[in-house]
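Asker: final-v3.cif (mmCIF, C-alpha atoms) pasted underneath:
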```cif
data_upload
#
loop_
_atom_site.group_PDB
_atom_site.id
_atom_site.type_symbol
_atom_site.label_atom_id
_atom_site.label_comp_id
_atom_site.auth_asym_id
_atom_site.auth_seq_id
_atom_site.Cartn_x
_atom_site.Cartn_y
_atom_site.Cartn_z
ATOM 1 C CA MET A 2 7.538 -27.847 -9.431
ATOM 2 C CA ILE A 3 7.169 -24.185 -8.481
ATOM 3 C CA LYS A 4 7.257 -21.865 -11.478
ATOM 4 C CA THR A 5 8.314 -18.300 -10.625
ATOM 5 C CA ARG A 6 8.282 -15.389 -13.052
ATOM 6 C CA ILE A 7 7.769 -11.629 -13.336
ATOM 7 C CA LEU A 8 4.936 -10.171 -15.404
ATOM 8 C CA ASP A 9 3.402 -6.778 -16.110
ATOM 9 C CA LEU A 10 -0.365 -7.254 -15.815
ATOM 10 C CA PRO A 11 -2.532 -5.599 -18.496
ATOM 11 C CA SER A 12 -4.482 -2.453 -17.680
ATOM 12 C CA HIS A 13 -7.681 -3.946 -19.110
ATOM 13 C CA SER A 14 -9.714 -6.310 -16.934
ATOM 14 C CA ALA A 15 -9.217 -10.030 -17.553
ATOM 15 C CA LYS A 16 -10.522 -13.227 -15.974
ATOM 16 C CA HIS A 17 -9.325 -16.832 -16.067
ATOM 17 C CA ALA A 18 -8.762 -19.986 -14.044
ATOM 18 C CA HIS A 19 -5.929 -22.525 -13.975
ATOM 19 C CA PRO A 20 -5.342 -25.773 -12.087
ATOM 20 C CA GLU A 21 -2.232 -24.460 -10.281
ATOM 21 C CA HIS A 22 -2.271 -22.540 -7.023
ATOM 22 C CA GLN A 23 -0.920 -19.026 -7.565
ATOM 23 C CA LEU A 24 0.795 -16.413 -5.417
ATOM 24 C CA VAL A 25 1.014 -12.847 -6.760
ATOM 25 C CA ILE A 26 3.228 -10.283 -5.001
ATOM 26 C CA GLY A 27 3.569 -6.642 -6.014
ATOM 27 C CA LEU A 28 7.113 -5.496 -6.783
ATOM 28 C CA GLN A 29 6.272 -2.208 -8.488
ATOM 29 C CA GLY A 30 2.967 -0.493 -9.180
ATOM 30 C CA CYS A 31 -0.408 -1.959 -8.289
ATOM 31 C CA ALA A 32 -3.030 -4.398 -9.597
ATOM 32 C CA ASP A 33 -6.572 -5.282 -8.514
ATOM 33 C CA PHE A 34 -7.676 -8.896 -7.979
ATOM 34 C CA GLU A 35 -11.007 -10.554 -7.227
ATOM 35 C CA VAL A 36 -11.221 -14.218 -6.192
ATOM 36 C CA MET A 37 -14.395 -15.977 -5.017
ATOM 37 C CA GLY A 38 -16.079 -12.659 -4.299
ATOM 38 C CA GLN A 39 -13.116 -11.246 -2.362
ATOM 39 C CA GLY A 40 -11.413 -8.198 -3.819
ATOM 40 C CA GLY A 41 -8.161 -6.485 -2.955
ATOM 41 C CA ALA A 42 -5.141 -4.627 -4.245
ATOM 42 C CA VAL A 43 -1.724 -6.169 -4.851
ATOM 43 C CA SER A 44 1.041 -3.593 -4.477
ATOM 44 C CA ARG A 45 4.481 -3.293 -2.888
ATOM 45 C CA LEU A 46 4.672 -5.970 -0.150
ATOM 46 C CA HIS A 47 1.008 -6.869 -0.639
ATOM 47 C CA ALA A 48 0.100 -10.296 -2.029
ATOM 48 C CA CYS A 49 -2.826 -12.382 -3.236
ATOM 49 C CA LEU A 50 -3.136 -16.157 -2.847
ATOM 50 C CA VAL A 51 -5.346 -17.794 -5.492
ATOM 51 C CA PRO A 52 -6.432 -21.435 -4.918
ATOM 52 C CA GLY A 53 -6.037 -23.703 -7.917
ATOM 53 C CA GLY A 54 -9.093 -24.002 -10.153
ATOM 54 C CA GLU A 55 -10.753 -20.816 -8.873
ATOM 55 C CA ALA A 56 -11.674 -18.218 -11.490
ATOM 56 C CA HIS A 57 -10.176 -14.822 -10.688
ATOM 57 C CA ALA A 58 -10.358 -11.387 -12.280
ATOM 58 C CA PHE A 59 -7.386 -9.025 -12.395
ATOM 59 C CA CYS A 60 -6.418 -5.654 -13.796
ATOM 60 C CA GLY A 61 -3.159 -3.702 -13.585
ATOM 61 C CA ARG A 62 -3.188 -0.022 -12.663
ATOM 62 C CA GLY A 63 -0.844 1.448 -15.248
ATOM 63 C CA HIS A 64 2.792 0.346 -15.134
ATOM 64 C CA ASN A 65 3.288 -2.576 -12.756
ATOM 65 C CA HIS A 66 5.715 -5.400 -12.018
ATOM 66 C CA MET A 67 4.302 -8.537 -10.365
ATOM 67 C CA LEU A 68 6.120 -11.576 -9.004
ATOM 68 C CA ILE A 69 3.944 -14.583 -9.853
ATOM 69 C CA MET A 70 4.400 -18.127 -8.558
ATOM 70 C CA ASP A 71 2.502 -21.212 -9.702
ATOM 71 C CA MET A 72 2.569 -24.498 -7.811
ATOM 72 C CA PRO A 73 0.702 -27.771 -8.407
ATOM 73 C CA ALA A 74 -2.579 -28.016 -6.530
ATOM 74 C CA LEU A 75 -1.804 -31.638 -5.641
ATOM 75 C CA GLY A 76 1.372 -33.611 -5.124
ATOM 76 C CA ALA A 77 4.815 -32.875 -3.750
ATOM 77 C CA TYR A 78 3.914 -30.035 -1.381
ATOM 78 C CA ALA A 79 1.280 -31.683 0.825
ATOM 79 C CA ASP A 80 3.816 -32.817 3.433
ATOM 80 C CA ASP A 81 5.574 -29.489 3.994
ATOM 81 C CA GLY A 82 2.412 -27.514 4.640
ATOM 82 C CA LEU A 83 2.578 -25.251 1.581
ATOM 83 C CA SER A 84 -0.750 -26.520 0.254
ATOM 84 C CA ALA A 85 -2.413 -25.120 3.403
ATOM 85 C CA LEU A 86 -1.571 -21.620 2.158
ATOM 86 C CA PHE A 87 -4.158 -22.061 -0.571
ATOM 87 C CA GLU A 88 -7.089 -23.446 1.399
ATOM 88 C CA ARG A 89 -8.938 -20.230 0.604
ATOM 89 C CA PRO A 90 -8.265 -16.917 -1.191
ATOM 90 C CA ARG A 91 -6.173 -14.521 0.878
ATOM 91 C CA PHE A 92 -4.973 -10.939 0.563
ATOM 92 C CA LEU A 93 -1.852 -10.570 2.676
ATOM 93 C CA GLU A 94 0.419 -7.820 3.920
ATOM 94 C CA LEU A 95 4.051 -8.931 3.928
ATOM 95 C CA ASP A 96 6.573 -7.651 6.452
ATOM 96 C CA HIS A 97 9.695 -5.657 5.585
ATOM 97 C CA HIS A 98 11.992 -8.574 6.421
ATOM 98 C CA LEU A 99 11.049 -10.051 3.028
ATOM 99 C CA GLN A 100 12.019 -6.850 1.221
ATOM 100 C CA GLY A 101 15.598 -7.930 0.433
ATOM 101 C CA LEU A 102 14.477 -11.325 -0.864
ATOM 102 C CA LEU A 103 11.875 -9.742 -3.126
ATOM 103 C CA ASP A 104 14.375 -7.183 -4.432
ATOM 104 C CA PHE A 105 16.756 -10.038 -5.245
ATOM 105 C CA ALA A 106 13.988 -11.966 -7.016
ATOM 106 C CA ASP A 107 12.989 -8.843 -8.956
ATOM 107 C CA TYR A 108 16.570 -8.330 -10.169
ATOM 108 C CA SER A 109 17.475 -11.964 -10.797
ATOM 109 C CA LEU A 110 14.342 -13.085 -12.612
ATOM 110 C CA ASP A 111 14.456 -10.043 -14.873
ATOM 111 C CA GLN A 112 17.823 -11.110 -16.307
ATOM 112 C CA PRO A 113 17.905 -12.712 -19.782
ATOM 113 C CA ASP A 114 20.065 -15.672 -18.635
ATOM 114 C CA VAL A 115 18.345 -16.852 -15.458
ATOM 115 C CA ALA A 116 19.849 -20.089 -14.099
ATOM 116 C CA PRO A 117 17.410 -22.996 -14.662
ATOM 117 C CA GLY A 118 16.946 -23.849 -10.970
ATOM 118 C CA LEU A 119 16.927 -20.284 -9.618
ATOM 119 C CA SER A 120 13.230 -19.556 -10.136
ATOM 120 C CA TRP A 121 12.295 -22.859 -8.481
ATOM 121 C CA HIS A 122 14.482 -22.225 -5.416
ATOM 122 C CA LEU A 123 13.395 -18.593 -5.083
ATOM 123 C CA GLY A 124 9.754 -19.621 -5.246
ATOM 124 C CA GLY A 125 10.254 -22.252 -2.572
ATOM 125 C CA VAL A 126 12.040 -19.880 -0.194
ATOM 126 C CA ILE A 127 9.364 -17.172 -0.567
ATOM 127 C CA LEU A 128 6.493 -19.636 -0.083
ATOM 128 C CA HIS A 129 8.085 -21.189 3.017
ATOM 129 C CA ALA A 130 8.759 -17.732 4.489
ATOM 130 C CA LEU A 131 5.139 -16.800 3.881
ATOM 131 C CA ARG A 132 3.895 -20.026 5.436
ATOM 132 C CA GLU A 133 6.044 -19.399 8.523
ATOM 133 C CA ARG A 134 4.588 -15.908 8.953
ATOM 134 C CA LEU A 135 1.015 -17.145 8.667
ATOM 135 C CA ASP A 136 1.741 -19.608 11.465
ATOM 136 C CA GLN A 137 2.849 -16.799 13.777
ATOM 137 C CA PRO A 138 0.321 -15.044 16.067
ATOM 138 C CA ALA A 139 -1.242 -12.014 14.420
ATOM 139 C CA GLN A 140 0.327 -9.750 17.028
ATOM 140 C CA ALA A 141 3.813 -10.906 16.029
ATOM 141 C CA GLN A 142 3.137 -10.062 12.389
ATOM 142 C CA SER A 143 2.268 -6.437 13.096
ATOM 143 C CA ARG A 144 4.777 -3.631 13.333
ATOM 144 C CA ALA A 145 4.904 -0.144 14.739
ATOM 145 C CA LEU A 146 5.252 3.102 12.821
ATOM 146 C CA ASP A 147 8.758 4.471 13.261
ATOM 147 C CA VAL A 148 10.209 7.963 12.749
ATOM 148 C CA ALA A 149 11.157 7.222 9.139
ATOM 149 C CA ASP A 150 7.574 6.086 8.405
ATOM 150 C CA LEU A 151 6.116 9.269 9.878
ATOM 151 C CA GLN A 152 8.549 11.447 7.918
ATOM 152 C CA ARG A 153 7.671 9.608 4.698
ATOM 153 C CA ILE A 154 3.965 10.142 5.386
ATOM 154 C CA ASP A 155 4.385 13.873 6.103
ATOM 155 C CA THR A 156 6.500 14.386 2.977
ATOM 156 C CA TYR A 157 3.852 12.672 0.866
ATOM 157 C CA ILE A 158 1.027 14.725 2.388
ATOM 158 C CA ILE A 159 2.844 18.034 1.893
ATOM 159 C CA THR A 160 3.724 17.111 -1.708
ATOM 160 C CA HIS A 161 0.075 16.323 -2.508
ATOM 161 C CA LEU A 162 -1.739 18.930 -0.403
ATOM 162 C CA GLU A 163 -3.647 20.313 -3.378
ATOM 163 C CA ARG A 164 -5.771 17.167 -3.753
ATOM 164 C CA SER A 165 -7.714 14.671 -1.681
ATOM 165 C CA ILE A 166 -5.517 12.195 0.220
ATOM 166 C CA SER A 167 -6.981 8.876 1.361
ATOM 167 C CA VAL A 168 -6.011 6.715 4.327
ATOM 168 C CA ALA A 169 -5.394 3.857 1.877
ATOM 169 C CA GLU A 170 -2.754 5.959 0.081
ATOM 170 C CA LEU A 171 -0.924 6.716 3.303
ATOM 171 C CA ALA A 172 -1.145 3.105 4.467
ATOM 172 C CA ALA A 173 0.338 1.896 1.162
ATOM 173 C CA LEU A 174 3.384 4.135 1.723
ATOM 174 C CA VAL A 175 4.378 2.054 4.750
ATOM 175 C CA CYS A 176 2.914 -1.253 3.511
ATOM 176 C CA ILE A 177 0.232 -1.567 6.188
ATOM 177 C CA SER A 178 -3.449 -2.339 5.694
ATOM 178 C CA PRO A 179 -5.685 0.787 5.921
ATOM 179 C CA SER A 180 -7.579 -0.407 9.018
ATOM 180 C CA HIS A 181 -4.399 -1.362 10.874
ATOM 181 C CA PHE A 182 -2.682 1.849 9.769
ATOM 182 C CA HIS A 183 -5.532 3.952 11.153
ATOM 183 C CA SER A 184 -5.194 2.465 14.644
ATOM 184 C CA LEU A 185 -1.365 2.514 14.598
ATOM 185 C CA PHE A 186 -1.263 6.132 13.451
ATOM 186 C CA ARG A 187 -3.705 7.253 16.114
ATOM 187 C CA ALA A 188 -1.725 5.420 18.812
ATOM 188 C CA VAL A 189 1.508 7.134 17.761
ATOM 189 C CA ASN A 190 0.211 10.631 16.923
ATOM 190 C CA GLY A 191 -2.801 10.937 19.186
ATOM 191 C CA LYS A 192 -4.959 11.882 16.202
ATOM 192 C CA THR A 193 -6.486 10.196 13.186
ATOM 193 C CA PRO A 194 -4.829 10.353 9.744
ATOM 194 C CA HIS A 195 -7.640 12.662 8.582
ATOM 195 C CA GLN A 196 -7.034 15.055 11.491
ATOM 196 C CA HIS A 197 -3.303 15.049 10.772
ATOM 197 C CA VAL A 198 -3.821 15.829 7.074
ATOM 198 C CA LEU A 199 -6.116 18.718 8.029
ATOM 199 C CA GLU A 200 -3.516 20.009 10.495
ATOM 200 C CA LEU A 201 -0.841 20.043 7.782
ATOM 201 C CA ARG A 202 -3.232 21.765 5.355
ATOM 202 C CA LEU A 203 -3.945 24.491 7.912
ATOM 203 C CA ARG A 204 -0.270 24.848 8.791
ATOM 204 C CA GLU A 205 0.639 25.417 5.145
ATOM 205 C CA ALA A 206 -2.316 27.769 4.636
ATOM 206 C CA GLY A 207 -1.189 29.789 7.664
ATOM 207 C CA ARG A 208 2.345 30.011 6.308
ATOM 208 C CA LEU A 209 1.113 31.215 2.921
ATOM 209 C CA LEU A 210 -1.190 33.755 4.546
ATOM 210 C CA ARG A 211 1.653 35.219 6.585
ATOM 211 C CA GLU A 212 4.441 35.029 4.013
ATOM 212 C CA THR A 213 2.734 35.700 0.673
ATOM 213 C CA THR A 214 0.111 37.943 -0.877
ATOM 214 C CA LEU A 215 -1.668 35.098 -2.670
ATOM 215 C CA PRO A 216 -5.454 35.585 -2.813
ATOM 216 C CA VAL A 217 -7.155 33.519 -0.113
ATOM 217 C CA ALA A 218 -9.192 31.550 -2.656
ATOM 218 C CA HIS A 219 -6.010 30.637 -4.532
ATOM 219 C CA LEU A 220 -4.059 29.442 -1.494
ATOM 220 C CA ALA A 221 -7.138 27.595 -0.189
ATOM 221 C CA SER A 222 -7.159 25.525 -3.390
ATOM 222 C CA ARG A 223 -3.388 25.076 -3.200
ATOM 223 C CA CYS A 224 -3.736 23.618 0.297
ATOM 224 C CA GLY A 225 -6.515 21.201 -0.665
ATOM 225 C CA PHE A 226 -9.611 23.087 0.500
ATOM 226 C CA SER A 227 -12.582 22.994 -1.844
ATOM 227 C CA SER A 228 -13.230 26.736 -1.502
ATOM 228 C CA GLN A 229 -12.299 29.889 0.409
ATOM 229 C CA SER A 230 -15.291 29.348 2.675
ATOM 230 C CA ALA A 231 -14.112 25.789 3.448
ATOM 231 C CA LEU A 232 -10.724 27.164 4.547
ATOM 232 C CA ASN A 233 -12.441 29.885 6.582
ATOM 233 C CA HIS A 234 -14.660 27.321 8.322
ATOM 234 C CA ALA A 235 -11.721 24.975 9.095
ATOM 235 C CA MET A 236 -9.584 27.802 10.501
ATOM 236 C CA ARG A 237 -12.353 29.188 12.677
ATOM 237 C CA ARG A 238 -13.138 25.726 14.042
ATOM 238 C CA GLN A 239 -9.524 24.584 14.609
ATOM 239 C CA LEU A 240 -7.749 27.887 15.406
ATOM 240 C CA GLY A 241 -10.515 30.275 16.411
ATOM 241 C CA LEU A 242 -9.293 32.744 13.744
ATOM 242 C CA THR A 243 -10.234 33.709 10.215
ATOM 243 C CA PRO A 244 -7.762 33.705 7.301
ATOM 244 C CA ARG A 245 -7.863 37.524 7.382
ATOM 245 C CA GLN A 246 -6.860 37.569 11.057
ATOM 246 C CA VAL A 247 -4.016 35.143 10.379
ATOM 247 C CA ARG A 248 -2.804 37.318 7.502
ATOM 248 C CA LEU A 249 -2.871 40.392 9.751
ATOM 249 C CA GLY A 250 -0.639 38.633 12.249
ATOM 250 C CA ARG A 251 -3.043 37.436 14.945
ATOM 251 C CA LEU A 252 -1.527 33.933 14.800
ATOM 252 C CA HIS A 253 2.134 33.616 15.798
#
```
I'd like the structure from this file rewritten - as structure tokens, please.

Answerer:
Amino acid sequence: MIKTRILDLPSHSAKHAHPEHQLVIGLQGCADFEVMGQGGAVSRLHACLVPGGEAHAFCGRGHNHMLIMDMPALGAYADDGLSALFERPRFLELDHHLQGLLDFADYSLDQPDVAPGLSWHLGGVILHALRERLDQPAQAQSRALDVADLQRIDTYIITHLERSISVAELAALVCISPSHFHSLFRAVNGKTPHQHVLELRLREAGRLLRETTLPVAHLASRCGFSSQSALNHAMRRQLGLTPRQVRLGRLH
């Protein structure tokens, strides 16, 4: 029988093994897993498949909510192909079509009076949906970045301009693996994520130079540059102008 539940994983590292196969899907927050030498993050729409009997280490990153399913390593599921999911450890990216099902599971399993058969049925539906997606060609599992994705990415970048922003962070916003996100983003925008972040940093720095009297060193830090000289170098290379020239109105 499939056992489905929701747990908050501890923030300290732990390691164990159990005879059941296990599927862990992120509902809220993030956790790190390592199975048979493979490591990966489990976050929103990102999952980890742990074969039964294999020791695995895990650690939650602060507050998190994980959907966890256990199923027998042998027995009733051999005929329907579910056991093939657990032939080896896997870190998977789930598509947005499963979002509604996961939201329903998150709400339903968190209730104090869960119907006895609900967790079993929910677990079965999720596992079969996952199995079906793994059987599809890789190209069919991928998706494009749409306008809403790009707006979400830009809003996040602008909100966090003052610090370093990684490709992995941006990829997590739209539930795409970092390597796949990099190629998708470049295909849509004609530039890499790093180049786009730099462009937004320079755009905001230019606005502050023209519209405020903030010291250059202060606004450089505010826009995520390590120093005034770093901002100066980036502006000269990308725009052919210095911050002083921008402030005096040479850039329109």

Asker: Counting only C-alpha atoms, which of A:Lys4, A:Arg45, A:Arg223, A:His129 gets nearest to Ala206 (chain A)?

Answerer: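 Answer, going by the shortest atom-to-atom distance: A:Arg223.
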
Asker: From the list A:Pro90, A:Pro194, A:Gly101, A:Gly54, which residue is nearest Gly38 (chain A) when using all atoms listed in the file?

Answerer: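 Looking only at the distances to Gly38 (chain A), the closest residue turns out to be A:Pro90.
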
Asker: Step by step, work through what the PyMOL selection byres ((chain A and resi 221) around 10) selects in the shown file, and finish by giving those residues as a PyMOL selection string.

Answerer: chain A and resi 163+202-203+205-206+209-210+215-220+222-233+244

Asker: For the structure provided, state which residues fall under the PyMOL selection byres ((chain A and resi 72) around 9), and present them as a PyMOL selection string.

Answerer: chain A and resi 2-5+21-24+53+70-71+73-75+78+84

Asker: Just the number, please: distance in Å from CA of Tyr108 (chain A) to CA of Arg6 (chain A), one decimal.

Answerer: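 Separation between CA of Tyr108 (chain A) and CA of Arg6 (chain A): 11.3 Å.
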
Asker: To one decimal place in Å, what is the distance between CA of Leu103 (chain A) and CA of Ser44 (chain A)?

Answerer: 12.5 Å

Asker: Report the residues retrieved by the PyMOL selection byres ((chain A and resi 151-155) around 10) from the displayed file, expressed as a list in words.

Answerer: Leu146, Asp147, Val148, Ala149, Asp150, Thr156, Tyr157, Ile158, Ile159, Thr160, His161, Glu170, Leu171, Ala172, Ala173, Leu174, Val175, Phe186, Val189, Asn190, Pro194, His197, Val198 and Leu201 of chain A

Asker: Give me, please, the distance in Å between CA of Ala169 (chain A) and CA of Gly191 (chain A), quoted to one decimal.

Answerer: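 Interatomic distance here is 18.9 Å.
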
Asker: Of the candidates A:His47, A:His97, A:His183, A:His13, which shows the shortest atom-to-atom distance to Arg62 (chain A), using only C-alpha atoms?

Answerer: A:His13

Asker: So which residues touch Leu131 (chain A) within 10 Å, counting all atoms listed in the file, skipping near sequence neighbours fewer than 6 positions away, as a list in words?

Answerer: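 Contacts, with the query itself left out: Leu83, Leu86, Leu93, Leu95, Asp96, Leu99 and Gly125 of chain A.
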
Asker: Would you mind listing what lies within 9 Å of Phe34 (chain A) as a list of chain:residue names, with all atoms listed in the file counted and same-chain residues fewer than 6 positions away left out?

Answerer: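 Near neighbours after the sequence-gap exclusion: A:Gly40, A:Gly41, A:Ala42, A:Val43, A:Cys49, A:His57, A:Ala58, A:Phe59, A:Cys60, A:Gly61.
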
Asker: Kindly indicate which residue among A:Ser180, A:Gly124, A:Gly207, A:Ala15 lies nearest to Gln246 (chain A), using only C-alpha atoms for the distances.

Answerer: A:Gly207

Asker: Using all atoms listed in the file, find the one residue out of A:Val247, A:Leu185, A:Ile166, A:Leu123 that sits nearest to Leu110 (chain A).

Answerer: A:Leu123

Asker: Of the candidates A:Ala130, A:Arg187, A:Leu28, A:Leu199, which shows the shortest atom-to-atom distance to Arg238 (chain A), using only C-alpha atoms?

Answerer: A:Leu199

Asker: Around all of region 35-41 of chain A's listed atoms, make the axis-aligned box with 5 Å on each side and tell me centre and edge lengths in Å to one decimal, as lines of an AutoDock Vina configuration file.

Answerer:
```
center_x = -12.1
center_y = -11.2
center_z = -4.8
size_x = 17.9
size_y = 19.5
size_z = 14.9
```
